[in-house]
Structure formats: structure tokens, C-alpha cells
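K.L.:
Okay, here's the structure, questions in a sec.
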Amino acid sequence: MIKFFLMVNKQGQTRLAKYYEHVEINKRTVLETEVIKSCLSRSNEQCSFIEFKDFKLICRRYAALLIVVGVNDTENEMAIYEFIHNFVEVLDEYFSRVSELDVSFFKAVSQVFLSTWQSTGVVLIR
């Protein structure tokens, strides 16, 4: 099950965040900071799957954007990795070359695409 979905720029600023479990606002900030630091510090040659506290992180970079999905231990990492890729392909098709500005200014569009593919942290379309 997916715990959270983050879309972040290279400077570590969150552009899109969706949580599927309740996390208090101050804890979200700390969690996002730790997650973003651990993902941004990795090189392209390192594995995109990270064991982090009591869940796994699946990270994927696209130009200036980094997408991070936090999942529980029972979720299939490769399925989520492919889900991220398909999500970016849909955004890329919609915006004709998606950029950080597209995600920032049109958050509602990104949220709609995200919510049609998953509900309550479970991927509906694979």
C-alpha cells in the first residue's frame, strides 16, 4: 500500500504531495525533509529502492523533477516504479513535455491524474 507520493524539484522543494495515511503537519515537514535528503543525495548509478524507517522509498528522476513514493513492505517495488513512469508519461502527453512549472501551476490536473490511478493508497490501474 502506498503511504505517500511526493514530487520534488532539484532544490528539495515539494511541488506535489499526497498522503494516504494521516500524518500531522509538523511530522510531514520532518518526514519530507529526511526523505528528500536521502533521495537527492543518491547518484544515478545507485538503486532507486531505499529502506527507510518502517517503509520503502521508490525514487525516480525526470529532468528537474524527483518523484518519491513511500510504500509498505508488502508492495511490489517494480510495479510502483512502473506506475511512476506511466504517471510521468501521462503528464508529459498532457502538458507536451511536462516541467516543474506545469506541476506547480496546475496542481489540480496532476492531482486528478494521480487520484484516477490510485485510491486510498492502492494502485487501481497497472
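Following the order of the C-alpha cells, chains are lettered A, B, ..., residues in each are numbered from 1, and ligands are numbered from 1.
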So that I can check the secondary structure, give me every residue of chain A assigned helix (DSSP H, G or I) by backbone DSSP, as JSON, numbers by chain.

P.N.:
{"A": [25, 26, 27, 28, 29, 30, 31, 32, 33, 34, 35, 36, 37, 38, 39, 40, 77, 78, 79, 80, 81, 82, 83, 84, 85, 86, 87, 88, 89, 90, 91, 92, 93, 94, 95, 100, 101, 102, 103, 104, 105, 107, 108, 109, 110, 111, 112, 113, 114, 115, 116, 117]}

K.L.:
For region 10-22 of chain A, list every protein, DNA or RNA residue within 9 Å, evaluated using only C-alpha atoms, and leave out those in the same chain fewer than 3 positions away; present the list as a PyMOL selection string.

P.N.:
chain A and resi 1-7+32-33+36-37+40+63-66+100-101+103-104+107+110-111+119-121

K.L.:
With C-alpha atoms retained, write the just-selected residues as an mmCIF file, in the first residue's frame.

P.N.:
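Resulting contents of part.cif:
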data_model
loop_
_atom_site.group_PDB
_atom_site.id
_atom_site.type_symbol
_atom_site.label_atom_id
_atom_site.label_comp_id
_atom_site.auth_asym_id
_atom_site.auth_seq_id
_atom_site.Cartn_x
_atom_site.Cartn_y
_atom_site.Cartn_z
ATOM 1 C CA MET A 1 0.000 0.000 0.000
ATOM 2 C CA ILE A 2 1.222 3.481 -0.821
ATOM 3 C CA LYS A 3 1.787 5.755 2.177
ATOM 4 C CA PHE A 4 2.671 8.960 0.327
ATOM 5 C CA PHE A 5 3.521 10.392 -3.089
ATOM 6 C CA LEU A 6 5.939 13.315 -3.430
ATOM 7 C CA MET A 7 7.041 15.307 -6.448
ATOM 8 C CA GLU A 32 9.626 15.137 3.723
ATOM 9 C CA THR A 33 12.960 16.727 4.638
ATOM 10 C CA ILE A 36 14.138 14.254 0.108
ATOM 11 C CA LYS A 37 17.670 14.415 1.534
ATOM 12 C CA LEU A 40 18.623 13.659 -3.642
ATOM 13 C CA ALA A 63 14.999 16.090 -15.618
ATOM 14 C CA ALA A 64 14.396 18.650 -12.838
ATOM 15 C CA LEU A 65 11.785 16.562 -11.009
ATOM 16 C CA LEU A 66 12.227 13.798 -8.480
ATOM 17 C CA GLU A 100 8.315 21.707 -12.785
ATOM 18 C CA LEU A 101 6.280 24.825 -13.580
ATOM 19 C CA VAL A 103 3.190 20.740 -11.862
ATOM 20 C CA SER A 104 3.407 23.882 -9.707
ATOM 21 C CA LYS A 107 -1.598 21.008 -9.284
ATOM 22 C CA SER A 110 -1.712 16.372 -11.510
ATOM 23 C CA GLN A 111 -3.958 15.502 -8.552
ATOM 24 C CA SER A 119 -7.399 5.257 -4.401
ATOM 25 C CA THR A 120 -6.639 5.190 -0.680
ATOM 26 C CA GLY A 121 -3.042 4.196 -1.427
#

K.L.:
Using DSSP on the backbone, list every residue of chain A that comes out as strand (DSSP E), and give them as a PyMOL selection string.

P.N.:
chain A and resi 2-9+14-19+49-52+55-62+65-71+118-119+122-123

K.L.:
For His85 (chain A), find every residue with an atom within 12 Å (counting only C-alpha atoms), except residues of its own chain fewer than 2 positions away, and show them as a list in words.

P.N.:
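The contact residues come out as Ile58, Cys59, Arg60, Arg61, Tyr62, Leu66, Ile67, Val68, Val69, Met78, Ala79, Ile80, Tyr81, Glu82, Phe83, Phe87, Val88, Glu89, Val90, Leu91, Asp92 and Arg126 of chain A.
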
K.L.:
Measuring between only C-alpha atoms, which one of A:Phe113, A:Asn26, A:Cys39, A:Asp54 shows the shortest distance to Ile84 (chain A)?

P.N.:
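Counting only C-alpha atoms, the residue closest to Ile84 (chain A) is A:Phe113.
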